[in-house]
$ cat data_37.txt   # compact mmCIF, C-alpha atoms and all ligand atoms
# COMPACT_ATOMS: atom_id res chain seq x y z
CA MET A 924 2.45 -8.38 18.24
CA ILE A 925 2.66 -5.59 15.69
CA ASP A 926 5.79 -3.46 16.07
CA SER A 927 6.11 -1.89 12.63
CA ASN A 928 4.15 -0.12 9.93
CA TYR A 929 5.47 0.73 6.49
CA HIS A 930 2.38 2.36 5.01
CA SER A 931 1.73 5.67 6.78
CA HIS A 932 0.76 9.01 5.28
CA HIS A 933 1.49 12.67 6.02
CA MET A 934 -0.57 15.84 6.11
CA LEU A 935 1.17 17.11 2.97
CA CYS A 936 -1.09 14.96 0.75
CA ASN A 937 -4.04 17.07 1.93
CA HIS A 938 -6.25 14.19 3.08
CA ALA A 939 -4.14 12.76 5.92
CA VAL A 940 -3.60 14.26 9.37
CA GLY A 941 -0.26 14.66 11.13
CA THR A 942 3.42 15.33 10.54
CA THR A 943 6.14 12.68 10.64
CA GLU A 944 6.79 13.54 14.27
CA ASP A 945 3.11 12.97 15.17
CA TYR A 946 3.23 9.49 13.63
CA VAL A 947 6.59 8.69 15.20
CA LYS A 948 5.48 9.74 18.69
CA LYS A 949 2.41 7.55 18.40
CA ALA A 950 4.47 4.65 17.05
CA ILE A 951 6.89 4.91 19.99
CA GLU A 952 3.96 4.98 22.41
CA LEU A 953 2.71 1.76 20.79
CA GLY A 954 6.11 0.13 21.21
CA PHE A 955 6.88 0.06 17.49
CA LYS A 956 10.48 -0.48 16.45
CA VAL A 957 10.05 0.57 12.82
CA LEU A 958 7.95 3.19 11.10
CA GLY A 959 7.89 3.85 7.38
CA ILE A 960 6.29 7.03 6.10
CA SER A 961 5.01 6.52 2.55
CA ASP A 962 2.91 9.45 1.46
CA HIS A 963 1.26 9.79 -1.96
CA VAL A 964 3.72 10.99 -4.62
CA PRO A 965 3.21 14.11 -6.66
CA SER A 966 2.42 13.23 -10.27
CA GLU A 967 1.46 14.95 -13.48
CA THR A 968 0.77 11.72 -15.37
CA VAL A 969 -1.80 10.56 -12.85
CA PRO A 970 -3.40 13.77 -11.59
CA ASP A 971 -5.38 13.45 -8.38
CA SER A 972 -6.22 15.89 -5.61
CA MET A 973 -5.32 13.17 -3.08
CA ARG A 974 -1.57 13.65 -3.38
CA MET A 975 1.05 16.20 -2.39
CA PRO A 976 1.99 18.83 -4.97
CA TYR A 977 5.55 18.90 -6.33
CA THR A 978 6.13 22.08 -4.33
CA SER A 979 5.78 20.03 -1.11
CA LEU A 980 8.22 17.29 -2.05
CA ASN A 981 11.36 18.79 -0.53
CA ALA A 982 9.51 19.70 2.65
CA TYR A 983 8.33 16.09 2.87
CA TYR A 984 11.81 14.66 2.47
CA ALA A 985 13.23 17.14 4.97
CA ASP A 986 10.52 16.44 7.53
CA VAL A 987 10.96 12.65 7.45
CA LEU A 988 14.77 12.80 7.45
CA ASP A 989 14.87 15.28 10.31
CA VAL A 990 12.64 13.09 12.47
CA GLN A 991 14.56 9.96 11.42
CA LYS A 992 17.73 11.53 12.81
CA ARG A 993 16.26 13.00 15.97
CA TYR A 994 14.51 9.77 17.00
CA GLN A 995 17.11 7.28 15.76
CA SER A 996 17.90 5.92 19.22
CA LEU A 997 14.21 5.08 19.78
CA ILE A 998 12.86 3.91 16.43
CA ASP A 999 13.94 3.20 12.84
CA VAL A 1000 12.20 5.65 10.54
CA TYR A 1001 12.18 5.01 6.80
CA LEU A 1002 11.40 7.44 4.03
CA GLY A 1003 9.02 5.97 1.48
CA MET A 1004 6.40 7.01 -1.04
CA GLU A 1005 3.28 5.40 -2.43
CA CYS A 1006 2.59 5.55 -6.16
CA GLU A 1007 0.80 4.05 -9.11
CA TYR A 1008 2.69 2.42 -11.94
CA VAL A 1009 2.80 3.93 -15.41
CA GLU A 1010 5.02 1.94 -17.69
CA SER A 1011 6.35 4.78 -19.81
CA ASP A 1012 8.07 6.74 -17.08
CA ALA A 1013 11.21 5.04 -15.79
CA ALA A 1014 12.94 8.35 -15.00
CA TYR A 1015 10.08 9.34 -12.74
CA TYR A 1016 10.49 6.30 -10.44
CA GLN A 1017 14.26 6.43 -10.58
CA GLY A 1018 14.06 10.08 -9.55
CA PHE A 1019 12.25 9.21 -6.33
CA LEU A 1020 14.52 6.24 -5.67
CA ASP A 1021 17.54 8.57 -5.69
CA THR A 1022 16.20 9.92 -2.39
CA VAL A 1023 13.71 7.55 -0.78
CA ASP A 1024 14.31 4.18 0.86
CA TYR A 1025 11.37 2.45 -0.79
CA LEU A 1026 8.37 2.79 -3.04
CA VAL A 1027 4.98 1.28 -2.26
CA LEU A 1028 2.87 0.32 -5.24
CA GLY A 1029 -0.65 1.59 -4.59
CA HIS A 1030 -2.25 1.12 -7.98
CA HIS A 1031 -5.14 3.55 -7.53
CA TYR A 1032 -5.64 4.07 -11.28
CA ILE A 1033 -5.63 1.86 -14.33
CA GLN A 1034 -5.14 2.96 -17.94
CA HIS A 1035 -8.14 1.76 -19.87
CA ASN A 1036 -8.35 2.56 -23.57
CA GLY A 1037 -6.05 5.49 -23.08
CA THR A 1038 -7.93 7.00 -20.17
CA LEU A 1039 -7.29 6.79 -16.46
CA GLN A 1040 -9.86 4.97 -14.44
CA SER A 1041 -10.01 4.79 -10.66
CA SER A 1042 -9.29 1.32 -9.26
CA PHE A 1043 -11.78 2.09 -6.48
CA ASN A 1044 -14.76 1.65 -8.80
CA LEU A 1045 -13.93 -0.84 -11.49
CA SER A 1046 -17.11 -2.25 -12.98
CA LYS A 1047 -16.20 -4.58 -15.83
CA PRO A 1048 -14.19 -7.83 -15.96
CA GLU A 1049 -11.78 -6.29 -18.47
CA HIS A 1050 -11.00 -3.48 -16.00
CA VAL A 1051 -10.10 -6.04 -13.36
CA LEU A 1052 -7.84 -7.86 -15.80
CA THR A 1053 -6.17 -4.58 -16.78
CA TYR A 1054 -5.55 -3.83 -13.11
CA ALA A 1055 -3.89 -7.25 -12.68
CA LYS A 1056 -1.79 -6.88 -15.82
CA GLU A 1057 -0.55 -3.44 -14.78
CA VAL A 1058 0.24 -4.66 -11.26
CA LYS A 1059 2.15 -7.57 -12.79
CA ASP A 1060 4.22 -5.18 -14.94
CA ALA A 1061 4.80 -2.95 -11.92
CA ILE A 1062 6.13 -5.83 -9.84
CA ALA A 1063 8.38 -6.91 -12.70
CA SER A 1064 9.75 -3.34 -13.02
CA GLY A 1065 11.68 -3.81 -9.77
CA TYR A 1066 10.92 -0.31 -8.46
CA PHE A 1067 8.72 -1.41 -5.58
CA SER A 1068 9.35 -2.90 -2.14
CA LEU A 1069 5.69 -3.50 -1.28
CA LEU A 1070 2.42 -4.04 -3.10
CA ALA A 1071 -0.31 -2.17 -1.18
CA HIS A 1072 -3.90 -3.42 -1.11
CA PRO A 1073 -3.49 -5.93 -3.99
CA ASP A 1074 -7.25 -6.60 -3.80
CA LEU A 1075 -8.20 -2.93 -4.27
CA TYR A 1076 -9.87 -3.96 -7.53
CA MET A 1077 -12.74 -5.39 -5.45
CA CYS A 1078 -13.48 -2.03 -3.79
CA GLY A 1079 -16.35 -1.09 -6.08
CA TYR A 1080 -16.78 -4.42 -7.84
CA ASP A 1081 -19.64 -6.49 -6.52
CA THR A 1082 -19.07 -10.15 -7.33
CA PHE A 1083 -15.84 -12.08 -7.04
CA ASP A 1084 -16.14 -13.60 -10.51
CA GLU A 1085 -13.87 -15.45 -12.92
CA ALA A 1086 -11.97 -12.28 -13.86
CA CYS A 1087 -11.36 -11.52 -10.18
CA GLU A 1088 -10.08 -15.03 -9.64
CA LYS A 1089 -7.77 -14.75 -12.65
CA ALA A 1090 -6.54 -11.37 -11.44
CA ALA A 1091 -5.79 -12.77 -7.97
CA HIS A 1092 -3.77 -15.65 -9.44
CA LEU A 1093 -1.81 -13.37 -11.78
CA ILE A 1094 -0.96 -10.90 -9.02
CA CYS A 1095 0.03 -13.57 -6.50
CA GLN A 1096 1.96 -15.64 -9.03
CA THR A 1097 4.00 -12.58 -9.97
CA ALA A 1098 4.54 -11.51 -6.36
CA GLU A 1099 5.76 -15.04 -5.61
CA MET A 1100 8.09 -15.03 -8.59
CA TYR A 1101 9.69 -11.72 -7.55
CA GLN A 1102 9.26 -12.37 -3.81
CA LEU A 1103 7.55 -9.02 -3.45
CA PRO A 1104 5.65 -8.63 -0.18
CA ILE A 1105 1.92 -8.00 -0.57
CA GLU A 1106 -0.10 -6.10 1.95
CA PHE A 1107 -3.15 -6.95 4.02
CA ASN A 1108 -4.55 -3.42 4.23
CA ALA A 1109 -6.53 -2.32 7.28
CA ASN A 1110 -7.79 0.84 5.60
CA GLY A 1111 -10.35 -1.16 3.62
CA ILE A 1112 -11.84 -2.19 6.96
CA ARG A 1113 -12.17 1.47 7.95
CA ARG A 1114 -14.33 1.98 4.86
CA GLY A 1115 -16.96 -0.19 6.53
CA ILE A 1116 -18.93 -3.24 5.51
CA LYS A 1117 -20.75 -3.11 2.19
CA GLN A 1118 -23.52 -5.31 0.86
CA THR A 1119 -22.57 -7.45 -2.10
CA SER A 1120 -24.32 -10.24 -3.97
CA GLN A 1121 -21.98 -12.58 -2.06
CA GLY A 1122 -22.94 -11.26 1.36
CA ASN A 1123 -21.72 -8.44 3.55
CA ARG A 1124 -18.06 -7.78 3.01
CA TYR A 1125 -15.38 -5.19 3.55
CA PRO A 1126 -14.54 -3.65 0.17
CA TYR A 1127 -11.03 -4.96 0.87
CA PRO A 1128 -9.30 -7.01 2.21
CA ARG A 1129 -11.50 -9.45 0.33
CA GLU A 1130 -11.57 -12.99 1.71
CA GLU A 1131 -11.81 -14.67 -1.70
CA PHE A 1132 -8.58 -12.97 -2.81
CA TRP A 1133 -6.71 -14.08 0.29
CA GLN A 1134 -7.88 -17.68 -0.03
CA ILE A 1135 -6.11 -17.65 -3.40
CA ALA A 1136 -3.09 -15.80 -1.98
CA LYS A 1137 -2.67 -18.66 0.49
CA GLN A 1138 -1.75 -20.94 -2.39
CA TYR A 1139 1.35 -18.89 -3.16
CA LYS A 1140 4.60 -18.25 -1.32
CA MET A 1141 5.14 -14.51 -1.32
CA PRO A 1142 5.64 -12.60 1.91
CA ILE A 1143 2.49 -10.99 3.38
CA ILE A 1144 2.56 -7.98 5.68
CA LEU A 1145 -0.19 -6.21 7.59
CA SER A 1146 -0.29 -2.42 7.14
CA SER A 1147 -2.43 0.24 8.69
CA ASP A 1148 -2.31 2.58 5.67
CA ALA A 1149 -2.58 5.21 8.40
CA HIS A 1150 -3.97 8.61 7.45
CA HIS A 1151 -4.05 9.67 11.12
CA PRO A 1152 -1.55 8.79 13.88
CA ASN A 1153 -4.36 7.23 15.93
CA THR A 1154 -4.97 4.65 13.19
CA LEU A 1155 -1.46 3.16 13.41
CA TYR A 1156 -2.97 0.53 15.66
CA ASP A 1157 -6.74 0.90 15.94
CA ASP A 1158 -9.86 -1.30 15.85
CA ALA A 1159 -9.45 -1.81 12.11
CA MET A 1160 -5.95 -3.18 12.72
CA LYS A 1161 -7.29 -5.53 15.40
CA LYS A 1162 -10.01 -6.73 13.01
CA ALA A 1163 -7.38 -7.22 10.32
CA GLU A 1164 -5.28 -9.31 12.72
CA ALA A 1165 -8.35 -11.46 13.49
CA MET A 1166 -9.07 -11.92 9.76
CA ILE A 1167 -5.44 -12.92 9.14
CA GLN A 1168 -5.67 -15.50 11.88
CA LEU A 1169 -8.99 -16.86 10.62
CA LEU A 1170 -7.63 -17.11 7.08
CA GLY A 1171 -4.52 -18.87 8.38
CA LEU A 1172 -2.13 -16.41 6.71
CA LYS A 1173 1.46 -16.09 7.85
CA THR A 1174 2.78 -12.55 7.98
CA ILE A 1175 6.19 -10.94 8.15
CA HIS A 1176 6.97 -7.94 10.35
CA ARG A 1177 10.02 -6.49 8.63
CA LEU A 1178 9.89 -5.33 5.06
CA PRO A 1179 13.02 -6.06 3.03
CA ILE A 1180 13.78 -2.56 1.73
CA LYS A 1181 15.52 -2.59 -1.63
CA ASN A 1182 16.91 0.90 -1.60
CA ALA A 1183 17.61 1.57 2.10
CA LYS A 1184 19.99 4.50 2.42
CA ASN A 1185 22.93 4.49 4.76
CA ARG A 1186 22.11 6.01 8.07
CA LEU A 1187 24.22 8.67 9.73
ZN ZN B 1201 -4.46 8.35 0.97
ZN ZN B 1202 -1.71 4.55 1.27
$ encode --input "data_37.txt" --output "structure tokens" --more "lines below"
Ligand SMILES: [Zn+2]
Ligand SMILES: [Zn+2]
Amino acid sequence: MIDSNYHSHHMLCNHAVGTTEDYVKKAIELGFKVLGISDHVPSETVPDSMRMPYTSLNAYYADVLDVQKRYQSLIDVYLGMECEYVESDAAYYQGFLDTVDYLVLGHHYIQHNGTLQSSFNLSKPEHVLTYAKEVKDAIASGYFSLLAHPDLYMCGYDTFDEACEKAAHLICQTAEMYQLPIEFNANGIRRGIKQTSQGNRYPYPREEFWQIAKQYKMPIILSSDAHHPNTLYDDAMKKAEAMIQLLGLKTIHRLPIKNAKNRL
């Protein structure tokens, strides 16, 4: 029985619906004991319209912390953020970690030949290998408490080929080494089934990746990646639970949070 979610968004990123309180009320209604809000970080290095602007950052912190306090007798609320990893900017991650409880690595962009490329539509084996290498470096950096949708590289990539297999091993090996939880992400299911040369599949979670993940011993956690309070536990989550069972994956329900702040 699901009673937590650590990957939930906020209306401040401009493509999600709901304030912290909307998500928390829904989570309480569902019987959740823990809710982590982890909206998309502002960033100048990785510009994208799908994230909150810097001018919203303080409002975001204040909103989550206010709700955390007001609902503390009913549910544990954590303040998180989701971001990509760019090696050159240690101060940037440390800056967030001064305030937030945890960072989620959602590696939505890779750096390829000096340009940013969306991880949602990688098309060449070398892109997939770059994704895996950057995720490996991100895990090793120690900034993150959770690796979101590790198999995002399959989103626009048709065939699970040798590069995809290599990428899966590299990511899982590293996650095992650092004991970093990796996420089975229900939002890929909400994107709907797509036709691939290997049959009809969700863009992610991708079965072939998780068959490889099974060979390693890192923690696995199911997340909604909710962009609306009603998706905290929806049909996509139920389908994800069924896939997890079919794949024989063992999941954890509490995320070890590296940077958890003292509560009042
Ligand atoms: Zn989003
Ligand atoms: Zn997300």
$ residues_around --input "data_37.txt" --residues "Tyr1101 of chain A" --least-positions-apart "4" --cutoff "8 Å" --atoms "all atoms listed in the file" --output "ChimeraX atom specification"
/A:1062-1063,1097
$ residues_near_ligand --input "data_37.txt" --ligand "ligand ZN 1202 (chain B)" --cutoff "8 Å" --atoms "all atoms listed in the file" --output "PyMOL selection string"
chain A and resi 930-932+961-963+1005+1029+1071+1148-1150
$ closest_residue --input "data_37.txt" --among "A:Asp986, A:Glu952, A:Glu1010, A:Glu967" --to "Asn1153 of chain A" --atoms "only C-alpha atoms"
A:Glu952
$ atom_distance --input "data_37.txt" --atom1 "atom CA of Ala1055 of chain A" --atom2 "atom CA of Cys936 of chain A"
26.1 Å
$ atom_distance --input "data_37.txt" --atom1 "atom CA of Lys949 of chain A" --atom2 "atom CA of Val1000 of chain A"
12.7 Å
$ closest_residue --input "data_37.txt" --among "A:Ile1180, A:Ala950, A:Val987, A:Met1166" --to "Gln1134 of chain A" --atoms "all atoms listed in the file"
A:Met1166
$ closest_residue --input "data_37.txt" --among "A:Ser1046, A:Thr1082, A:Thr1154, A:Gln995" --to "Lys1117 of chain A" --atoms "only C-alpha atoms"
A:Thr1082
$ atom_distance --input "data_37.txt" --atom1 "atom CA of Tyr1127 of chain A" --atom2 "atom CA of Leu1028 of chain A"
16.1 Å
$ closest_residue --input "data_37.txt" --among "A:Gln1096, A:Ser979, A:Ser1068, A:Gln991" --to "Leu1020 of chain A" --atoms "only C-alpha atoms"
A:Ser1068
$ residues_around --input "data_37.txt" --residues "Thr1022 of chain A" --least-positions-apart "6" --cutoff "12 Å" --atoms "all atoms listed in the file" --output "PDB file with C-alpha atoms, in the coordinates of the input"
ATOM      1  CA  LEU A 980       8.220  17.290  -2.050  1.00  0.00           C
ATOM      2  CA  ASN A 981      11.360  18.790  -0.530  1.00  0.00           C
ATOM      3  CA  TYR A 983       8.330  16.090   2.870  1.00  0.00           C
ATOM      4  CA  TYR A 984      11.810  14.660   2.470  1.00  0.00           C
ATOM      5  CA  ALA A 985      13.230  17.140   4.970  1.00  0.00           C
ATOM      6  CA  VAL A 987      10.960  12.650   7.450  1.00  0.00           C
ATOM      7  CA  LEU A 988      14.770  12.800   7.450  1.00  0.00           C
ATOM      8  CA  TYR A1001      12.180   5.010   6.800  1.00  0.00           C
ATOM      9  CA  LEU A1002      11.400   7.440   4.030  1.00  0.00           C
ATOM     10  CA  GLY A1003       9.020   5.970   1.480  1.00  0.00           C
ATOM     11  CA  MET A1004       6.400   7.010  -1.040  1.00  0.00           C
ATOM     12  CA  TYR A1016      10.490   6.300 -10.440  1.00  0.00           C
ATOM     13  CA  ASN A1182      16.910   0.900  -1.600  1.00  0.00           C
ATOM     14  CA  ALA A1183      17.610   1.570   2.100  1.00  0.00           C
ATOM     15  CA  LYS A1184      19.990   4.500   2.420  1.00  0.00           C
ATOM     16  CA  ASN A1185      22.930   4.490   4.760  1.00  0.00           C
TER      17      ASN A1185
END
$ closest_residue --input "data_37.txt" --among "A:Leu1170, A:Pro1152, A:Tyr1066, A:Ser1147" --to "Asp1024 of chain A" --atoms "only C-alpha atoms"
A:Tyr1066
$ residues_near_point --input "data_37.txt" --point "(-20.8, -12.5, -18.5)" --cutoff "10 Å" --atoms "all atoms listed in the file" --output "ChimeraX atom specification"
/A:1047-1048,1084-1086
$ closest_residue --input "data_37.txt" --among "A:His1151, A:Glu944, A:Tyr1080, A:Cys1095" --to "ligand ZN 1201 (chain B)" --atoms "all atoms listed in the file"
A:His1151
$ axis_aligned_box --input "data_37.txt" --around "segment 1168-1187 of chain A" --padding-each-side "3 Å" --output "JSON"
{"center_x": 7.6, "center_y": -5.1, "center_z": 5.1, "size_x": 39.2, "size_y": 33.5, "size_z": 19.5}
$ residues_around --input "data_37.txt" --residues "Thr1053 of chain A" --least-positions-apart "4" --cutoff "8 Å" --atoms "only C-alpha atoms" --output "list in words"
Ile1033, Gln1034, His1035, Glu1049 and Glu1057 of chain A
$ write_last_selection --input "data_37.txt" --atoms "C-alpha atoms" --output "PDB file, in the frame of the given file"
ATOM      1  CA  ILE A1033      -5.630   1.860 -14.330  1.00  0.00           C
ATOM      2  CA  GLN A1034      -5.140   2.960 -17.940  1.00  0.00           C
ATOM      3  CA  HIS A1035      -8.140   1.760 -19.870  1.00  0.00           C
ATOM      4  CA  GLU A1049     -11.780  -6.290 -18.470  1.00  0.00           C
ATOM      5  CA  GLU A1057      -0.550  -3.440 -14.780  1.00  0.00           C
TER       6      GLU A1057
END
$ residues_near_point --input "data_37.txt" --point "(-7.6, -8.8, 13.1)" --cutoff "12 Å" --atoms "only C-alpha atoms" --output "list in words"
Met924, Ile925, Phe1107, Asn1108, Ala1109, Ile1112, Pro1128, Leu1145, Ser1146, Ser1147, Tyr1156, Asp1157, Asp1158, Ala1159, Met1160, Lys1161, Lys1162, Ala1163, Glu1164, Ala1165, Met1166, Ile1167, Gln1168, Leu1169, Leu1170, Gly1171 and Leu1172 of chain A
$ residues_around --input "data_37.txt" --residues "Tyr1015 of chain A" --least-positions-apart "5" --cutoff "12 Å" --atoms "all atoms listed in the file" --output "ChimeraX atom specification"
/A:964-969,1006-1010,1020-1021,1026,1066
$ residues_around --input "data_37.txt" --residues "segment 1088-1090 of chain A" --least-positions-apart "4" --cutoff "8 Å" --atoms "only C-alpha atoms" --output "PyMOL selection string"
chain A and resi 1051-1052+1054-1056+1083-1084+1094+1132+1135
